[in-house]
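A.B. asks: Let me give you the structure first, and then I'll get to my questions.
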Amino acid sequence: MDYLTVAMAKGRTADRAMDFLEKSDVRFSDFTDESRKLVIYDDKQTIKLIFVKAVDVPVYVENGAADVGIVGKDVMMEDPRDVYELLDLGIGRCKLAVAGFPGTPVDEMPFLTVASKYPAVAKEYFDKKGIRTEMIKLNGSIELAPLIGMSDVIVDIVETGTTLKENGLVVLQEIAEVSARLIVNKASYATKTADIQQFIKDMREGLEVRA
Amino acid sequence: MYSEILANEHEKHEKIIGTLSKRFTTYGYKRIKTSAFERYDLYSNVRTSINQNEMIKVIDYTGEVLVLRPDVTIPLTQQLVQLNGNLPEEMRFYYVQEVFRQTFQENEKIGKTQAGVEYYCPSSPEADAETIMLACHALRDVGFSDVKIEIGYAGFFTELIADLQLTCEQTAKLKTLIQAKNIVEIGPFLEQLSIDQTVKEVLEQLPLLYGAPAHVFERLLNLQVSDSVQQAIEYLQETYKIVELYGLKKHIVIDLGLINHMGYYSGIIFQGYVENFGKPVLMGGRYDALSEEFGIKLPAVGFACEIDSLVKAATHKELTERYSIDITVFYEESRMKYAIDITNELREREYRVISKPMKHPLQIQDSLYTIHLTQQQNQLIEEETTEFVDFKHLLDLIVRKKGVPEWTI
């Protein structure tokens, strides 16, 4: 029996996705929050779930190591891959935004230093506005950069804005709304069409029950 | 040992080339070769998707810039054009050659062996269908059973947006959305553009025009399209009808969201996928307009596959296969003759078979099916036990379960 391999990152999005599936009677009894397993199977042994780092999900899917992936739109925007993007799961909603000290005149600055986990997205955004930039790629604690004078602004994911607020920063401009997407390997979609469409249907039903 | 792995790889490589060449020959194709060096101008003047940065350039003693063969189709077509019209209406060529592209990824090879066919003939559904059959047949020969060929139409997208006056940027964005079947974002994106409602509807549906041919053609009925698009659809339907006659029905997926991957394709385009491999292993299509860039009409259809991808896919298949034996036949003494007959016939059909007398129940390899031949009955055992009357019945049962390509029956 061939499994449908699904890649996602552990965390809130994965939990929600599994909730959706459970509503369509696809259960992962093996799975507990404390579990450290990286590979789990559903009770009917048709789906193989693998846990990988979020930024790696599209890589697994593009190469066919996973048939399906669940990943934030932000990751897809930063590193576009040759995959199908079939469904907006509407979970993990947040914003990609430019943030900095209140009143920073972003559009009037001739030159900006930008710190971000998303340098490609940030560069494209400012290029379109005709603002010259220098990018500093960081992997975490982005909010620190303006505080210590390393950058003028940051480009990052903003969910509630609490971290920004506690560090004296505010959202200056919104770049895009993002949410979790279901992506599919192009070859798998051709060779396992029925299985994948069933999976999408299960996900969708979960979505509708929630809505 | 690494040297052993290397030798094994090479052996597989050669074996696949042999298999493909043999199959191409049975469809009447003759092998040709093209020069390793081509004039750079040849490529800079032709509309193609080969990026100029990807070409490996060399300068000869006169100062002329040459490139290491980045593809075969373009120089071959140009050569034929130079023969100036003294050409038969139909020509079939195949090649197995290295093509060279600079890659920007570290451990990717610059030179890759490609095997492909070029069928120079006037555009017709018959010719295109036969080429698709050959693609399928060749992949099956290499050992893949779950071959899928996605068929699209190169002009479809271009025709649709022809009158829309989109900017380059908008076209590129729309292409990306369609290629990703991004149903979520395509609607809002089209909403921003001030375009005709009926075209908008078709574009929005484009990512969904995917799947079993009958299903896609049915969906198309509900869409309003221009005459030229309608003609494209009819050509596609004609072609599919013939493909179906070849017995390929379950290997075909129609994908109207498939967009021209080589700049020069004009009609039918297709790509081949095999089980458990994440990338297309074969790409092709009709390129009637290419020769016109050199001044005459020399319509053609063809495809190419990268041998390295096939080797990888085949290796992957071996590794993931659960059984190295398809069928084990156990027989009682009195049924020996029948057992041998069945075994022969099955092997003839390329099943991997072992047969053993029942009185020696030795430990043998797991197999997908087991057959028991006793004095009283013939049984086929998989998850459940089924009785079969004769060989034809047995074949029916196996085929239904294992899903061997239809045309082998």
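Quick note on naming: the chains in the structure tokens go A, B, ... in the order shown, residues restart at 1 in each chain, and ligands are numbered from 1 in order of appearance.
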Give as a PyMOL selection string every residue of chain B that touches chain A within 10 Å, counting only C-alpha atoms.
C.D. replies: chain B and resi 146-150+176-185+207-208+210-212+251-255+271-281+320+322
A.B. asks: Can you list, as a list in words, every protein, DNA or RNA residue that comes within 12 Å of A:Thr160 when you count only C-alpha atoms, leaving out same-chain residues fewer than 6 positions away?
C.D. replies: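 Skipping anything fewer than 6 positions along the chain leaves Gly92, Arg93, Cys94, Lys95, Leu96, Glu166, Val170 and Val171 of chain A.
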A.B. asks: Measuring atom to atom with only C-alpha atoms, identify which of B:Ile307, B:Asn107, B:Gln376, B:Gln102 is nearest to B:Lys12.
C.D. replies: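 Smallest distance to B:Lys12 is found for B:Ile307.
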A.B. asks: Find the spatial neighbours of B:Thr34, counting only C-alpha atoms, within a cut-off of 8 Å - ignore same-chain residues fewer than 4 positions away - and output them as a ChimeraX atom specification.
C.D. replies: /B:72,75-76
A.B. asks: I want to know what sits within 9 Å of A:Val52, based on only C-alpha atoms, with residues of the same chain fewer than 5 positions away left out; could you give that as a list in words?
C.D. replies: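 Neighbouring residues, sequence-local ones excluded: Ala7, Met8, Ala9, Lys10, Leu38, Val57 and Tyr60 of chain A.
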A.B. asks: Since we have the selection now, will you write its residues out, keeping C-alpha atoms, as a PDB file, in the first residue's frame?
C.D. replies:
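See selection-v5.pdb below for the written result:
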```pdb
ATOM      1  CA  ALA A   7       4.840  17.347   5.394  1.00  0.00           C
ATOM      2  CA  MET A   8       4.186  20.038   7.966  1.00  0.00           C
ATOM      3  CA  ALA A   9       5.879  21.853  10.800  1.00  0.00           C
ATOM      4  CA  LYS A  10       4.999  20.926  14.359  1.00  0.00           C
ATOM      5  CA  LEU A  38       8.998  12.731  13.386  1.00  0.00           C
ATOM      6  CA  VAL A  57       8.192  22.059   3.742  1.00  0.00           C
ATOM      7  CA  TYR A  60      10.275  18.378   0.548  1.00  0.00           C
TER       8      TYR A  60
END
```
A.B. asks: Would you mind reading off the distance between atom CA of A:Ile157 and atom CA of A:Met203, one decimal, in Å?
C.D. replies: 25.0 Å
A.B. asks: Tell me which protein, DNA and RNA residues are within 12 Å of A:Thr113, counting only C-alpha atoms, leaving out same-chain ones fewer than 3 positions away, and put them as a ChimeraX atom specification.
C.D. replies: /A:98,100,106,109-110,116,119,122-123,126,131-137,145-146,149-155
A.B. asks: Those residues with N, CA and C atoms, as a CSV table (one decimal), in the first residue's frame please?
C.D. replies:
```
chain,number,residue,atom,x,y,z
A,98,VAL,N,5.9,45.9,7.6
A,98,VAL,CA,7.1,46.7,7.9
A,98,VAL,C,6.9,47.3,9.3
A,100,GLY,N,8.7,49.5,12.8
A,100,GLY,CA,9.8,50.3,13.3
A,100,GLY,C,9.4,51.2,14.3
A,106,VAL,N,9.0,56.0,6.3
A,106,VAL,CA,9.5,55.0,5.4
A,106,VAL,C,9.6,55.5,4.0
A,109,MET,N,12.3,58.1,3.1
A,109,MET,CA,13.7,57.9,3.3
A,109,MET,C,14.4,57.5,1.9
A,110,PRO,N,15.5,58.1,1.6
A,110,PRO,CA,16.2,57.8,0.4
A,110,PRO,C,16.9,56.4,0.4
A,116,SER,N,15.4,41.4,8.3
A,116,SER,CA,14.2,40.5,8.1
A,116,SER,C,14.6,39.1,8.0
A,119,PRO,N,14.2,38.4,3.5
A,119,PRO,CA,14.8,39.5,2.7
A,119,PRO,C,14.3,39.6,1.2
A,122,ALA,N,11.0,41.4,1.3
A,122,ALA,CA,11.2,42.8,1.7
A,122,ALA,C,11.8,43.6,0.5
A,123,LYS,N,12.8,43.0,-0.1
A,123,LYS,CA,13.4,43.7,-1.2
A,123,LYS,C,12.4,44.0,-2.4
A,126,PHE,N,10.1,46.9,-1.4
A,126,PHE,CA,10.7,48.3,-1.4
A,126,PHE,C,11.2,48.6,-2.8
A,131,ILE,N,12.4,52.4,-3.4
A,131,ILE,CA,13.2,52.8,-2.3
A,131,ILE,C,14.5,51.9,-2.3
A,132,ARG,N,15.6,52.5,-2.2
A,132,ARG,CA,16.9,51.7,-2.2
A,132,ARG,C,17.0,51.1,-0.8
A,133,THR,N,17.5,49.9,-0.7
A,133,THR,CA,17.6,49.2,0.6
A,133,THR,C,18.9,48.4,0.7
A,134,GLU,N,19.2,48.2,2.0
A,134,GLU,CA,20.2,47.2,2.3
A,134,GLU,C,19.6,46.2,3.2
A,135,MET,N,19.7,44.9,2.8
A,135,MET,CA,19.0,43.9,3.6
A,135,MET,C,20.0,43.2,4.6
A,136,ILE,N,19.4,43.0,5.8
A,136,ILE,CA,20.2,42.2,6.7
A,136,ILE,C,19.3,41.0,7.1
A,137,LYS,N,19.8,39.8,6.7
A,137,LYS,CA,19.0,38.6,6.9
A,137,LYS,C,19.3,38.1,8.4
A,145,ALA,N,16.8,44.4,16.0
A,145,ALA,CA,17.7,45.2,15.1
A,145,ALA,C,17.5,46.7,15.2
A,146,PRO,N,16.3,47.2,15.1
A,146,PRO,CA,16.2,48.7,15.2
A,146,PRO,C,16.5,49.2,16.6
A,149,GLY,N,20.1,49.8,16.7
A,149,GLY,CA,20.6,50.7,15.6
A,149,GLY,C,21.2,49.9,14.4
A,150,MET,N,20.9,48.6,14.3
A,150,MET,CA,21.4,47.9,13.2
A,150,MET,C,20.6,48.1,11.9
A,151,SER,N,19.3,48.4,12.1
A,151,SER,CA,18.5,48.6,10.9
A,151,SER,C,17.5,49.8,11.2
A,152,ASP,N,17.0,50.4,10.1
A,152,ASP,CA,16.0,51.4,10.3
A,152,ASP,C,14.6,50.8,10.6
A,153,VAL,N,14.3,49.7,9.8
A,153,VAL,CA,13.0,49.1,10.0
A,153,VAL,C,13.2,47.6,10.0
A,154,ILE,N,12.1,46.8,10.3
A,154,ILE,CA,12.2,45.4,10.1
A,154,ILE,C,11.0,45.0,9.2
A,155,VAL,N,11.1,43.8,8.6
A,155,VAL,CA,9.9,43.2,7.9
A,155,VAL,C,9.7,41.8,8.5
```
A.B. asks: DSSP on the backbone: what in stretch 27-276 of chain B comes out alpha helix (DSSP H), as a VMD selection string?
C.D. replies: chain B and resid 40 to 44 73 to 82 125 to 142 154 to 161 168 to 179 183 to 192 197 to 205 213 to 221 227 to 245
A.B. asks: For B:Val225, which residue among B:Ile161, B:Leu139, B:Ala289, B:Leu380 is the nearest when counting only C-alpha atoms?
C.D. replies: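 When distances to B:Val225 are compared using only C-alpha atoms, the smallest one comes from B:Ile161.
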A.B. asks: Between atom CA of B:Arg352 and atom CA of B:Ile325, what is the distance, to one decimal in Å?
C.D. replies: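 Taking atom CA of B:Arg352 and atom CA of B:Ile325, their separation equals 5.3 Å.
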A.B. asks: Need to verify the contact set: stretch 15-31 of chain A, 9 Å, only C-alpha atoms, exclusion of same-chain residues closer than 6 positions in sequence. Can you return it as a list in words?
C.D. replies: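 The filter keeps Lys37, Ile40, Tyr41, Asp42, Asp43, Lys44, Ile47, Ile70, Leu89, Ile91, Gly92, Phe199, Lys201, Asp202, Met203, Arg204, Glu205, Gly206, Leu207, Val209 and Arg210 of chain A.
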A.B. asks: If you count only C-alpha atoms, which residues fall within 12 Å of B:Glu293, apart from same-chain ones fewer than 3 positions away, as a list in words?
C.D. replies: Leu42, Tyr43, Ser44, Asn45, Val46, Arg47, Thr48, Ile74, Thr77, Gln78, Val81, Tyr264, Tyr287, Asp288, Ala289, Leu290, Ile296, Lys297, Leu298 and Pro299 of chain B
A.B. asks: Write the selection just made, keeping C-alpha atoms, as an mmCIF file, in the first residue's frame?
C.D. replies:
```cif
data_model
loop_
_atom_site.group_PDB
_atom_site.id
_atom_site.type_symbol
_atom_site.label_atom_id
_atom_site.label_comp_id
_atom_site.auth_asym_id
_atom_site.auth_seq_id
_atom_site.Cartn_x
_atom_site.Cartn_y
_atom_site.Cartn_z
ATOM 1 C CA LEU B 42 21.829 30.516 -33.773
ATOM 2 C CA TYR B 43 20.487 30.687 -30.236
ATOM 3 C CA SER B 44 20.391 34.419 -29.806
ATOM 4 C CA ASN B 45 18.110 34.722 -32.847
ATOM 5 C CA VAL B 46 15.558 32.112 -31.862
ATOM 6 C CA ARG B 47 12.747 32.395 -29.389
ATOM 7 C CA THR B 48 13.519 29.767 -26.777
ATOM 8 C CA ILE B 74 17.108 23.848 -32.652
ATOM 9 C CA THR B 77 15.790 21.948 -37.399
ATOM 10 C CA GLN B 78 18.172 24.582 -38.727
ATOM 11 C CA VAL B 81 16.057 23.954 -43.229
ATOM 12 C CA TYR B 264 9.012 27.425 -29.308
ATOM 13 C CA TYR B 287 6.823 23.039 -32.514
ATOM 14 C CA ASP B 288 5.532 24.090 -35.921
ATOM 15 C CA ALA B 289 6.742 27.665 -35.638
ATOM 16 C CA LEU B 290 10.393 26.959 -34.882
ATOM 17 C CA ILE B 296 10.565 27.774 -44.132
ATOM 18 C CA LYS B 297 7.745 25.660 -42.831
ATOM 19 C CA LEU B 298 8.882 22.394 -41.319
ATOM 20 C CA PRO B 299 6.316 21.404 -38.717
#
```
A.B. asks: Could you tell me how far atom CA of B:Phe217 lies from atom CA of B:Glu159, in Å and to one decimal?
C.D. replies: 18.1 Å
A.B. asks: From the DSSP assignment of the backbone, select every residue of stretch 119-208 of chain A that is strand (DSSP E or B), and format the answer as a list in words.
C.D. replies: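 The residues of stretch 119-208 of chain A classed as strand (DSSP E or B) are Arg132, Thr133, Glu134, Met135, Ile136, Lys137, Val153, Ile154, Val155, Asp156, Ile157, Val158, Val170, Val171, Leu172, Gln173, Glu174, Ile175, Ala176, Glu177, Val178, Ala180, Arg181, Leu182, Ile183 and Val184 of chain A.
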A.B. asks: Save out the residues we just selected, C-alpha atoms, as a short mmCIF file (atom, residue, chain, number, x, y, z; two decimals), in the first residue's frame.
C.D. replies:
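The result, stored in result12.cif:
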```cif
data_model
loop_
_atom_site.label_atom_id
_atom_site.label_comp_id
_atom_site.auth_asym_id
_atom_site.auth_seq_id
_atom_site.Cartn_x
_atom_site.Cartn_y
_atom_site.Cartn_z
CA ARG A 132 16.86 51.68 -2.18
CA THR A 133 17.59 49.23 0.57
CA GLU A 134 20.24 47.23 2.30
CA MET A 135 19.02 43.88 3.57
CA ILE A 136 20.20 42.18 6.72
CA LYS A 137 19.02 38.60 6.93
CA VAL A 153 13.02 49.06 10.04
CA ILE A 154 12.17 45.36 10.08
CA VAL A 155 9.95 43.21 7.90
CA ASP A 156 8.33 40.40 9.82
CA ILE A 157 5.25 38.39 10.61
CA VAL A 158 2.87 40.18 12.96
CA VAL A 170 4.72 49.70 15.69
CA VAL A 171 3.47 48.44 12.34
CA LEU A 172 4.31 51.11 9.75
CA GLN A 173 3.05 49.44 6.58
CA GLU A 174 1.28 46.22 5.77
CA ILE A 175 2.75 44.13 2.96
CA ALA A 176 0.40 41.13 2.76
CA GLU A 177 -2.01 38.93 4.62
CA VAL A 178 -0.75 35.40 5.03
CA ALA A 180 -1.50 28.40 5.82
CA ARG A 181 -1.65 26.88 2.34
CA LEU A 182 -1.90 23.37 1.09
CA ILE A 183 0.75 22.69 -1.52
CA VAL A 184 1.09 19.63 -3.73
#
```
